[in-house]
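Enquirer: Sharing my_file-v3.txt (compact mmCIF, C-alpha atoms and all ligand atoms) below.
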```txt
# COMPACT_ATOMS: atom_id res chain seq x y z
CA MET A 1 -39.21 3.22 -10.44
CA ALA A 2 -36.04 4.32 -8.66
CA GLN A 3 -35.46 7.83 -7.39
CA LEU A 4 -32.35 9.51 -8.80
CA LEU A 5 -29.46 10.26 -6.46
CA ASP A 6 -28.62 13.59 -8.03
CA GLY A 7 -24.88 14.14 -7.56
CA LYS A 8 -24.84 17.37 -9.51
CA LYS A 9 -27.44 19.07 -7.33
CA THR A 10 -26.03 17.60 -4.11
CA ALA A 11 -22.45 18.59 -4.95
CA LYS A 12 -23.61 22.15 -5.62
CA ALA A 13 -25.30 22.30 -2.22
CA ILE A 14 -22.19 20.91 -0.51
CA ARG A 15 -19.94 23.41 -2.29
CA ALA A 16 -22.20 26.23 -1.08
CA ARG A 17 -21.86 24.96 2.51
CA ILE A 18 -18.07 24.65 2.13
CA LYS A 19 -17.94 28.24 0.84
CA GLU A 20 -19.88 29.48 3.85
CA GLU A 21 -17.50 27.69 6.20
CA VAL A 22 -14.42 28.91 4.33
CA ASP A 23 -15.67 32.50 4.54
CA ASP A 24 -16.40 32.18 8.26
CA LEU A 25 -13.15 30.42 9.16
CA SER A 26 -10.89 32.65 7.07
CA GLY A 27 -11.71 35.46 9.47
CA ILE A 28 -10.71 33.35 12.48
CA ALA A 29 -7.53 31.86 11.02
CA SER A 30 -6.36 35.06 9.29
CA ARG A 31 -5.70 33.16 6.09
CA ARG A 32 -7.70 31.21 3.57
CA PRO A 33 -7.27 27.55 2.71
CA HIS A 34 -4.73 27.16 -0.08
CA ALA A 35 -4.76 24.09 -2.35
CA VAL A 36 -2.03 23.28 -4.87
CA PHE A 37 -2.80 21.09 -7.89
CA VAL A 38 0.18 19.57 -9.71
CA GLN A 39 -0.08 18.23 -13.25
CA VAL A 40 2.82 16.49 -14.99
CA GLY A 41 2.57 16.25 -18.77
CA ASN A 42 -0.46 17.15 -20.82
CA VAL A 43 -2.88 14.23 -20.80
CA PRO A 44 -6.13 15.98 -21.85
CA ALA A 45 -8.28 14.26 -19.18
CA SER A 46 -5.81 15.35 -16.48
CA THR A 47 -5.93 18.94 -17.74
CA THR A 48 -9.74 18.84 -17.56
CA TYR A 49 -9.73 17.44 -13.99
CA VAL A 50 -7.08 19.88 -12.75
CA ASN A 51 -8.85 22.86 -14.32
CA MET A 52 -12.14 21.77 -12.78
CA LYS A 53 -10.64 21.35 -9.29
CA TYR A 54 -8.85 24.70 -9.57
CA LYS A 55 -12.03 26.47 -10.64
CA MET A 56 -14.20 24.86 -7.95
CA ALA A 57 -11.62 25.62 -5.24
CA GLN A 58 -11.68 29.28 -6.31
CA GLU A 59 -15.48 29.26 -6.33
CA VAL A 60 -15.65 28.12 -2.71
CA GLY A 61 -13.30 30.92 -1.69
CA MET A 62 -10.08 28.93 -1.40
CA LEU A 63 -6.78 30.05 -2.82
CA SER A 64 -5.63 27.62 -5.45
CA THR A 65 -2.49 27.21 -7.48
CA VAL A 66 -1.89 25.02 -10.51
CA GLU A 67 1.64 23.80 -11.24
CA ARG A 68 1.89 22.41 -14.75
CA LEU A 69 5.15 20.59 -15.32
CA PRO A 70 6.54 19.14 -18.54
CA GLY A 71 6.09 15.39 -19.02
CA GLU A 72 9.89 14.93 -19.20
CA ILE A 73 10.47 16.36 -15.72
CA GLY A 74 12.72 14.19 -13.57
CA GLN A 75 11.40 12.56 -10.40
CA GLN A 76 13.86 14.45 -8.18
CA GLU A 77 12.70 17.78 -9.59
CA LEU A 78 9.07 16.86 -8.92
CA LEU A 79 9.90 15.75 -5.37
CA ALA A 80 11.77 19.04 -4.81
CA LEU A 81 8.68 21.00 -5.85
CA LEU A 82 6.49 18.95 -3.50
CA HIS A 83 9.00 19.53 -0.69
CA LYS A 84 8.69 23.27 -1.29
CA TYR A 85 4.90 23.11 -0.82
CA ASN A 86 5.19 20.61 2.05
CA THR A 87 7.19 23.18 4.01
CA ASP A 88 5.31 26.30 2.86
CA ARG A 89 3.20 27.46 5.80
CA SER A 90 0.56 29.07 3.57
CA THR A 91 -0.16 25.78 1.70
CA HIS A 92 -2.72 23.49 3.30
CA ALA A 93 -3.41 20.88 0.62
CA ILE A 94 -1.46 19.30 -2.26
CA LEU A 95 -2.80 17.06 -5.00
CA VAL A 96 -0.73 15.43 -7.75
CA GLN A 97 -2.98 14.48 -10.64
CA LEU A 98 -2.60 10.86 -11.76
CA PRO A 99 -1.51 9.17 -13.96
CA LEU A 100 2.12 10.26 -13.92
CA PRO A 101 4.49 9.55 -16.82
CA SER A 102 5.92 6.02 -16.68
CA HIS A 103 9.46 7.12 -15.70
CA ILE A 104 8.11 8.52 -12.40
CA ASP A 105 7.38 6.23 -9.44
CA GLU A 106 3.82 7.15 -8.46
CA PHE A 107 4.03 5.53 -5.07
CA ALA A 108 7.22 7.43 -4.21
CA VAL A 109 5.54 10.69 -5.23
CA MET A 110 2.40 9.98 -3.20
CA GLN A 111 4.53 9.13 -0.18
CA SER A 112 6.48 12.35 -0.50
CA ILE A 113 3.40 14.54 0.04
CA ALA A 114 3.24 15.52 3.71
CA PRO A 115 0.35 13.50 5.23
CA ALA A 116 -1.01 16.71 6.77
CA LYS A 117 -1.40 18.17 3.26
CA ASP A 118 -2.43 15.02 1.39
CA LEU A 119 -5.53 16.20 -0.45
CA ASP A 120 -6.29 12.90 -2.24
CA CYS A 121 -5.65 10.73 0.85
CA PHE A 122 -3.14 8.53 -0.97
CA HIS A 123 -0.49 8.55 1.76
CA PRO A 124 -0.31 5.24 3.68
CA GLU A 125 -0.44 7.19 6.95
CA ASN A 126 -3.78 8.71 5.97
CA ILE A 127 -5.15 5.34 4.83
CA GLY A 128 -4.16 4.02 8.26
CA ARG A 129 -5.87 6.96 9.96
CA MET A 130 -9.00 6.32 7.91
CA VAL A 131 -9.02 2.63 8.89
CA LEU A 132 -8.69 3.61 12.55
CA GLY A 133 -11.42 6.24 12.22
CA LEU A 134 -9.07 9.13 13.06
CA PRO A 135 -9.52 12.68 11.73
CA GLY A 136 -7.95 13.45 8.38
CA PRO A 137 -8.69 13.42 4.67
CA LYS A 138 -10.61 10.50 3.17
CA PRO A 139 -10.33 9.00 -0.34
CA ALA A 140 -12.34 11.41 -2.45
CA THR A 141 -14.72 9.15 -4.37
CA PRO A 142 -15.71 6.91 -1.42
CA GLN A 143 -16.21 9.95 0.82
CA GLY A 144 -18.25 11.61 -1.95
CA ILE A 145 -20.49 8.53 -2.18
CA LEU A 146 -21.15 8.62 1.57
CA MET A 147 -21.93 12.34 1.37
CA LEU A 148 -24.44 11.62 -1.39
CA LEU A 149 -26.13 8.85 0.64
CA ASP A 150 -26.22 11.13 3.70
CA GLU A 151 -27.86 13.90 1.72
CA TYR A 152 -30.68 11.51 0.79
CA LYS A 153 -30.83 10.20 4.38
CA ILE A 154 -29.81 6.70 3.27
CA ASP A 155 -28.10 5.20 6.30
CA PRO A 156 -25.83 2.20 5.58
CA TYR A 157 -26.28 1.02 9.21
CA GLY A 158 -27.11 -2.70 9.15
CA MET A 159 -27.31 -2.89 5.35
CA ASN A 160 -25.71 -5.61 3.28
CA ALA A 161 -23.39 -3.54 1.12
CA THR A 162 -21.80 -5.19 -1.90
CA ILE A 163 -19.03 -3.42 -3.76
CA VAL A 164 -17.92 -4.58 -7.19
CA GLY A 165 -14.27 -3.54 -7.29
CA ARG A 166 -11.43 -3.59 -4.78
CA SER A 167 -9.08 -0.88 -6.06
CA ASN A 168 -7.09 1.21 -3.60
CA LEU A 169 -8.77 4.28 -5.08
CA VAL A 170 -12.44 3.32 -4.79
CA GLY A 171 -13.59 -0.17 -3.83
CA LYS A 172 -11.29 -0.98 -0.91
CA PRO A 173 -11.58 2.32 1.00
CA LEU A 174 -15.31 2.55 0.32
CA GLY A 175 -15.84 -0.85 1.94
CA LEU A 176 -13.84 0.23 5.00
CA LEU A 177 -15.81 3.47 5.34
CA LEU A 178 -19.09 1.56 4.99
CA LEU A 179 -17.94 -0.88 7.67
CA GLN A 180 -17.36 2.08 9.98
CA ARG A 181 -20.92 3.10 9.23
CA HIS A 182 -22.03 -0.39 10.38
CA ALA A 183 -22.80 -1.95 7.00
CA THR A 184 -22.03 -5.64 6.44
CA VAL A 185 -19.61 -5.40 3.54
CA THR A 186 -18.88 -7.79 0.67
CA TRP A 187 -16.19 -6.97 -1.88
CA CYS A 188 -16.40 -8.54 -5.33
CA HIS A 189 -13.68 -8.66 -7.97
CA THR A 190 -12.64 -10.62 -11.05
CA ARG A 191 -12.09 -13.81 -9.03
CA THR A 192 -15.52 -13.72 -7.36
CA ARG A 193 -17.25 -17.03 -8.16
CA ASP A 194 -20.85 -15.91 -8.37
CA LEU A 195 -21.05 -12.17 -8.91
CA PRO A 196 -24.81 -12.05 -9.64
CA ALA A 197 -25.59 -13.89 -6.36
CA ALA A 198 -23.34 -11.57 -4.34
CA CYS A 199 -25.01 -8.54 -5.92
CA ARG A 200 -28.53 -9.88 -5.44
CA GLY A 201 -27.92 -10.05 -1.68
CA ALA A 202 -27.15 -6.34 -1.47
CA ASP A 203 -29.30 -3.64 0.07
CA LEU A 204 -26.63 -1.21 -1.14
CA LEU A 205 -24.88 -2.15 -4.37
CA VAL A 206 -21.92 -0.10 -5.57
CA SER A 207 -20.25 -0.85 -8.88
CA ALA A 208 -16.72 0.42 -9.47
CA SER A 209 -15.49 -2.01 -12.09
CA GLY A 210 -15.07 0.12 -15.19
CA LYS A 211 -17.07 -2.46 -17.16
CA PRO A 212 -20.10 -0.99 -18.95
CA GLY A 213 -23.28 -2.99 -18.43
CA LEU A 214 -21.71 -5.36 -15.88
CA VAL A 215 -24.55 -4.81 -13.42
CA HIS A 216 -27.89 -5.63 -15.05
CA GLY A 217 -31.47 -5.83 -13.83
CA GLY A 218 -31.33 -9.50 -12.77
CA MET A 219 -28.48 -8.74 -10.35
CA VAL A 220 -30.35 -6.20 -8.26
CA LYS A 221 -32.57 -6.96 -5.29
CA PRO A 222 -35.90 -5.11 -5.44
CA GLY A 223 -35.62 -1.89 -3.43
CA ALA A 224 -31.80 -1.84 -3.38
CA VAL A 225 -29.83 1.40 -3.49
CA VAL A 226 -27.52 1.32 -6.51
CA VAL A 227 -24.46 3.54 -6.87
CA ASP A 228 -22.65 3.52 -10.20
CA VAL A 229 -19.05 4.72 -10.00
CA GLY A 230 -18.08 3.56 -13.49
CA THR A 231 -16.86 6.09 -16.01
CA ASN A 232 -16.73 4.38 -19.38
CA TYR A 233 -16.70 5.82 -22.87
CA VAL A 234 -18.48 3.62 -25.42
CA ALA A 235 -19.09 4.12 -29.13
CA VAL A 236 -22.77 4.52 -30.03
CA THR A 237 -24.34 4.79 -33.45
CA GLN A 238 -26.23 8.03 -34.01
CA PRO A 239 -29.53 8.16 -35.99
CA GLY A 240 -27.65 9.32 -39.12
CA GLY A 241 -25.28 6.32 -38.85
CA SER A 242 -22.28 8.23 -37.48
CA MET A 243 -20.46 6.99 -34.37
CA GLU A 244 -20.12 9.03 -31.21
CA MET A 245 -18.47 8.37 -27.87
CA LYS A 246 -20.87 8.37 -24.96
CA LEU A 247 -20.15 8.36 -21.22
CA VAL A 248 -21.85 5.45 -19.45
CA GLY A 249 -21.49 3.76 -16.07
CA ASP A 250 -21.19 0.09 -15.12
CA VAL A 251 -24.90 -0.30 -14.52
CA ALA A 252 -27.52 -1.03 -17.20
CA PHE A 253 -29.50 1.99 -16.05
CA ASP A 254 -32.78 1.38 -17.90
CA GLU A 255 -33.13 -2.13 -16.47
CA VAL A 256 -31.95 -1.38 -12.96
CA GLU A 257 -34.05 1.73 -12.41
CA GLU A 258 -37.11 -0.56 -12.64
CA THR A 259 -35.95 -2.56 -9.62
CA ALA A 260 -33.87 -0.24 -7.41
CA SER A 261 -35.21 2.25 -4.87
CA TYR A 262 -32.45 4.78 -5.59
CA ILE A 263 -29.89 4.98 -8.38
CA THR A 264 -27.10 7.35 -9.42
CA PRO A 265 -27.06 8.53 -13.03
CA VAL A 266 -23.90 8.64 -15.15
CA PRO A 267 -23.02 11.40 -15.74
CA GLY A 268 -24.27 13.53 -12.86
CA GLY A 269 -23.99 11.02 -10.01
CA VAL A 270 -20.71 10.12 -8.35
CA GLY A 271 -18.48 12.31 -10.57
CA PRO A 272 -19.54 15.72 -9.20
CA MET A 273 -19.51 14.30 -5.65
CA THR A 274 -15.84 13.35 -6.05
CA ILE A 275 -14.89 16.97 -6.70
CA ALA A 276 -17.03 18.23 -3.81
CA SER A 277 -15.28 15.66 -1.65
CA VAL A 278 -11.83 16.91 -2.72
CA LEU A 279 -12.88 20.40 -1.61
CA TYR A 280 -14.18 18.97 1.66
CA ASN A 281 -10.78 17.32 2.19
CA ALA A 282 -9.06 20.67 1.56
CA LEU A 283 -11.26 22.26 4.22
CA THR A 284 -10.53 19.38 6.63
CA LEU A 285 -6.75 19.71 6.16
CA TYR A 286 -6.95 23.48 6.58
CA LYS A 287 -8.86 23.14 9.84
CA LEU A 288 -6.39 20.57 11.18
CA ILE A 289 -3.34 22.64 10.20
CA GLU A 290 -4.77 25.90 11.54
CA GLY A 291 -5.96 24.19 14.72
CA ILE A 292 -9.63 25.03 14.13
CA VAL A 293 -11.84 22.46 15.83
P1 LIG B 301 -9.67 -0.32 -11.31
O1 LIG B 301 -8.46 0.01 -10.52
O2 LIG B 301 -9.53 -0.74 -12.73
O3 LIG B 301 -10.47 -1.45 -10.50
C1 LIG B 301 -11.56 -2.11 -11.06
C2 LIG B 301 -12.03 -3.16 -10.07
O4 LIG B 301 -13.15 -3.81 -10.62
C3 LIG B 301 -10.98 -4.24 -9.78
O5 LIG B 301 -10.96 -4.53 -8.41
C4 LIG B 301 -11.45 -5.42 -10.61
O6 LIG B 301 -11.16 -6.66 -10.02
C5 LIG B 301 -12.97 -5.20 -10.60
N1 LIG B 301 -13.56 -5.77 -11.81
C6 LIG B 301 -13.31 -5.47 -13.10
N2 LIG B 301 -14.06 -6.22 -13.92
C7 LIG B 301 -14.80 -7.04 -13.15
C8 LIG B 301 -15.74 -8.06 -13.40
N3 LIG B 301 -16.07 -8.41 -14.66
N4 LIG B 301 -16.31 -8.68 -12.36
C9 LIG B 301 -15.98 -8.34 -11.09
N5 LIG B 301 -15.08 -7.38 -10.77
C10 LIG B 301 -14.50 -6.74 -11.79
O7 LIG B 301 -10.68 0.89 -11.34
P2 LIG B 301 -11.01 2.08 -10.28
O8 LIG B 301 -9.92 3.07 -10.29
O9 LIG B 301 -11.48 1.50 -9.00
O10 LIG B 301 -12.26 2.71 -11.04
C11 LIG B 301 -13.41 1.94 -11.33
C12 LIG B 301 -14.30 2.72 -12.26
O11 LIG B 301 -14.73 3.90 -11.60
C13 LIG B 301 -13.64 3.20 -13.56
O12 LIG B 301 -14.62 3.22 -14.58
C14 LIG B 301 -13.22 4.62 -13.23
O13 LIG B 301 -13.11 5.43 -14.37
C15 LIG B 301 -14.36 5.04 -12.36
N6 LIG B 301 -14.06 6.13 -11.41
C16 LIG B 301 -14.95 7.13 -11.36
C17 LIG B 301 -14.75 8.15 -10.46
C18 LIG B 301 -15.74 9.25 -10.40
O14 LIG B 301 -15.49 10.25 -9.75
N7 LIG B 301 -16.90 9.10 -11.02
C19 LIG B 301 -13.64 8.15 -9.62
C20 LIG B 301 -12.77 7.07 -9.67
C21 LIG B 301 -12.99 6.05 -10.59
P3 LIG B 301 -9.64 -7.18 -9.79
O15 LIG B 301 -9.12 -6.45 -8.60
O16 LIG B 301 -9.78 -8.64 -9.55
O17 LIG B 301 -8.89 -6.86 -11.06
```
Show me, as structure tokens, the structure contained in the file I just sent.
Expert:
Amino acid sequence: MAQLLDGKKTAKAIRARIKEEVDDLSGIASRRPHAVFVQVGNVPASTTYVNMKYKMAQEVGMLSTVERLPGEIGQQELLALLHKYNTDRSTHAILVQLPLPSHIDEFAVMQSIAPAKDLDCFHPENIGRMVLGLPGPKPATPQGILMLLDEYKIDPYGMNATIVGRSNLVGKPLGLLLLQRHATVTWCHTRTRDLPAACRGADLLVSASGKPGLVHGGMVKPGAVVVDVGTNYVAVTQPGGSMEMKLVGDVAFDEVEETASYITPVPGGVGPMTIASVLYNALTLYKLIEGIV
């Protein structure tokens, strides 16, 4: 039976360590890290994420600001606001919550955030720095997954790591980070010919497909480490016959926990680690801007 990779507990421990460092460094640098979270429109999920990041940033002793802008705001107005924070010496980190309304060019917005303050690591310059192994922010979810593995002393060195998903947000950068940690990486996607075979070869199997139940017991090598990034809401029938929405991952948990050595739960696995990782990025940017080694 697999051991749980407890993201909730691990993220809490990491936040406590970040707080300690923030408190120590604020004395040296004479100011605290300051993160700005920008939300455009009022998509409920975005409000939840922004509120959570704001609250957690406060909890670790950072200054944080939320800018909530109306969904009809023009792109130029948004870019002007970002320019203000790009040039504000007391701001160390800026995050624009996605998705943006369709009339705004997301790529243009992401490119307009100063790379030195790019909290989500969406700027092409920061992706390039990550690929080259240079200091800087890292994509939050992939970095959070590595932090979780590190906490459980699971070293990807030499492992066959298979990732289901190749998005710019999760799958692609995770594979590159795992390669830097000396894993042998295979990316799978919708055109992969034999997904079960590719998964069965993995010592470390990460699913980031957004397809509930895609990874089932027969696809997992005995003793593999399984990380489930998927965040899917499915309708389930309650005992009284009513329907309720339930959050599930990509992995058929009950089957896979029989075979795997470690497994992340959903919820409580990768999700909390992503937020801890955002805070870690804020601390990284702060240290780079303030010249703290
Ligand atoms: P995405 O952009 O939709 O990418 C999904 C990837 O999975 C694509 O590369 C797609 O292949 C691949 N895929 C989909 N169905 C597949 C199938 N049947 N077989 C093989 N590959 C398949 O999604 P994302 O942004 O990477 O997110 C993935 C999931 O993680 C979502 O459920 C999302 O909500 C969740 N997520 C969770 C967190 C967290 O903090 N917990 C953070 C980010 C994302 P193609 O490229 O060929 O289309």
Enquirer: Ligand LIG 301 (chain B): which residues are within 7 Å, counting only C-alpha atoms and all ligand atoms, as JSON, numbers by chain?
Expert: {"A": [141, 164, 165, 166, 167, 168, 169, 170, 171, 188, 189, 190, 191, 192, 195, 208, 209, 210, 211, 214, 229, 230, 231, 232, 270, 271, 272, 274]}
Enquirer: Point out the residue among A:Ile104, A:Leu148, A:Val96, A:Leu69 with the least atom-to-atom distance to Ala276 in chain A, counting all atoms listed in the file.
Expert: A:Leu148
Enquirer: In Å to one decimal, how far is CA of Pro196 in chain A from CA of Gly218 in chain A?
Expert: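 Interatomic distance, CA of Gly218 in chain A to CA of Pro196 in chain A: 7.7 Å.
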Enquirer: Report, in Å to a single decimal, how far apart CA of Pro139 in chain A and CA of Arg200 in chain A are.
Expert: 26.7 Å
Enquirer: Applying 7 Å and only C-alpha atoms, which residues near Pro115 in chain A remain after dropping the ones on its own chain fewer than 6 positions away? List them as a ChimeraX atom specification.
Expert: /A:123,125-126
Enquirer: Counting only C-alpha atoms, find residues at most 10 Å from (-5.4, 31.3, 12.9) (file frame) and give them as a VMD selection string.
Expert: chain A and resid 25 to 32 287 289 to 292
Enquirer: By how many Å are CA of Val109 in chain A and CA of Gly133 in chain A apart?
Expert: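 Straight-line distance from CA of Val109 in chain A to CA of Gly133 in chain A works out to 24.7 Å.
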Enquirer: Restricting the calculation to only C-alpha atoms: of A:Met147, A:Ala282, A:Val36, A:Leu247, which residue gets closest to Val50 in chain A?
Expert: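 Closest to Val50 in chain A, using only C-alpha atoms: A:Val36.
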Enquirer: Show me, as a PDB file with C-alpha atoms, in the coordinates of the input, the residues that have an atom within 10 Å of Phe107 in chain A when counting all atoms listed in the file, minus same-chain residues fewer than 3 positions from it.
Expert:
```pdb
ATOM      1  CA  ILE A 104       8.110   8.520 -12.400  1.00  0.00           C
ATOM      2  CA  MET A 110       2.400   9.980  -3.200  1.00  0.00           C
ATOM      3  CA  GLN A 111       4.530   9.130  -0.180  1.00  0.00           C
ATOM      4  CA  SER A 112       6.480  12.350  -0.500  1.00  0.00           C
ATOM      5  CA  PHE A 122      -3.140   8.530  -0.970  1.00  0.00           C
ATOM      6  CA  HIS A 123      -0.490   8.550   1.760  1.00  0.00           C
ATOM      7  CA  PRO A 124      -0.310   5.240   3.680  1.00  0.00           C
TER       8      PRO A 124
END
```
Enquirer: Could you check which of A:Ile18, A:Leu81, A:Val38, A:Met130 is closest to Val60 in chain A, using all atoms listed in the file?
Expert: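 Closest candidate: A:Ile18.
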Enquirer: Would you list the residues near (-5.3, 29.4, -0.7), meaning any protein, DNA or RNA residue with an atom at most 10 Å from that point in file coordinates, counting all atoms listed in the file, as an mmCIF file with C-alpha atoms, in the frame of the given file?
Expert:
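Output file out14.cif is given in full below:
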```
data_model
loop_
_atom_site.group_PDB
_atom_site.id
_atom_site.type_symbol
_atom_site.label_atom_id
_atom_site.label_comp_id
_atom_site.auth_asym_id
_atom_site.auth_seq_id
_atom_site.Cartn_x
_atom_site.Cartn_y
_atom_site.Cartn_z
ATOM 1 C CA ARG A 31 -5.700 33.160 6.090
ATOM 2 C CA ARG A 32 -7.700 31.210 3.570
ATOM 3 C CA PRO A 33 -7.270 27.550 2.710
ATOM 4 C CA HIS A 34 -4.730 27.160 -0.080
ATOM 5 C CA ALA A 35 -4.760 24.090 -2.350
ATOM 6 C CA VAL A 36 -2.030 23.280 -4.870
ATOM 7 C CA ALA A 57 -11.620 25.620 -5.240
ATOM 8 C CA GLN A 58 -11.680 29.280 -6.310
ATOM 9 C CA GLY A 61 -13.300 30.920 -1.690
ATOM 10 C CA MET A 62 -10.080 28.930 -1.400
ATOM 11 C CA LEU A 63 -6.780 30.050 -2.820
ATOM 12 C CA SER A 64 -5.630 27.620 -5.450
ATOM 13 C CA THR A 65 -2.490 27.210 -7.480
ATOM 14 C CA SER A 90 0.560 29.070 3.570
ATOM 15 C CA THR A 91 -0.160 25.780 1.700
ATOM 16 C CA HIS A 92 -2.720 23.490 3.300
ATOM 17 C CA ALA A 93 -3.410 20.880 0.620
ATOM 18 C CA ALA A 282 -9.060 20.670 1.560
ATOM 19 C CA TYR A 286 -6.950 23.480 6.580
#
```
Enquirer: Show me, as a VMD selection string, the residues that have an atom within 12 Å of Gln97 in chain A when counting all atoms listed in the file, minus same-chain residues fewer than 6 positions from it.
Expert: chain A and resid 36 to 54 66 to 69 106 109 to 110 119 to 120 122
Enquirer: Since the input is missing atoms, can you rebuild all heavy atoms for range 21-28 of chain A and write them as a CSV table (one decimal), in the frame of the given file?
Expert:
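result-v8.csv written:
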```csv
chain,number,residue,atom,x,y,z
A,21,GLU,N,-18.4,28.0,5.1
A,21,GLU,CA,-17.5,27.7,6.2
A,21,GLU,C,-16.1,28.3,5.9
A,21,GLU,O,-15.5,28.9,6.8
A,21,GLU,CB,-17.4,26.2,6.3
A,21,GLU,CG,-17.1,25.8,7.8
A,21,GLU,CD,-16.9,24.3,8.0
A,21,GLU,OE1,-17.5,23.5,7.3
A,21,GLU,OE2,-16.3,23.9,9.0
A,22,VAL,N,-15.7,28.3,4.7
A,22,VAL,CA,-14.4,28.9,4.3
A,22,VAL,C,-14.5,30.4,4.6
A,22,VAL,O,-13.5,31.0,5.2
A,22,VAL,CB,-14.1,28.7,2.8
A,22,VAL,CG1,-12.9,29.6,2.4
A,22,VAL,CG2,-13.7,27.2,2.6
A,23,ASP,N,-15.6,31.1,4.3
A,23,ASP,CA,-15.7,32.5,4.5
A,23,ASP,C,-15.6,32.8,6.0
A,23,ASP,O,-15.0,33.7,6.5
A,23,ASP,CB,-16.9,33.1,3.9
A,23,ASP,CG,-16.8,33.1,2.4
A,23,ASP,OD1,-15.7,33.0,1.9
A,23,ASP,OD2,-17.9,33.2,1.7
A,24,ASP,N,-16.4,32.0,6.8
A,24,ASP,CA,-16.4,32.2,8.3
A,24,ASP,C,-15.0,32.0,8.9
A,24,ASP,O,-14.5,32.7,9.7
A,24,ASP,CB,-17.4,31.2,8.9
A,24,ASP,CG,-18.8,31.6,8.6
A,24,ASP,OD1,-19.0,32.7,8.1
A,24,ASP,OD2,-19.7,30.8,8.9
A,25,LEU,N,-14.4,30.8,8.5
A,25,LEU,CA,-13.2,30.4,9.2
A,25,LEU,C,-12.0,31.3,8.7
A,25,LEU,O,-11.0,31.5,9.5
A,25,LEU,CB,-12.8,29.0,8.8
A,25,LEU,CG,-13.8,27.9,9.4
A,25,LEU,CD1,-13.4,26.5,9.0
A,25,LEU,CD2,-14.0,28.1,10.9
A,26,SER,N,-12.0,31.8,7.5
A,26,SER,CA,-10.9,32.6,7.1
A,26,SER,C,-10.7,33.9,8.0
A,26,SER,O,-9.6,34.3,8.2
A,26,SER,CB,-11.1,33.1,5.6
A,26,SER,OG,-11.2,32.0,4.8
A,27,GLY,N,-11.8,34.3,8.5
A,27,GLY,CA,-11.7,35.5,9.5
A,27,GLY,C,-11.0,35.0,10.7
A,27,GLY,O,-10.1,35.7,11.3
A,28,ILE,N,-11.3,33.8,11.2
A,28,ILE,CA,-10.7,33.4,12.5
A,28,ILE,C,-9.2,33.0,12.3
A,28,ILE,O,-8.4,33.4,13.1
A,28,ILE,CB,-11.4,32.0,13.0
A,28,ILE,CG1,-12.9,32.3,13.1
A,28,ILE,CG2,-10.8,31.5,14.2
A,28,ILE,CD1,-13.7,31.0,13.4
```
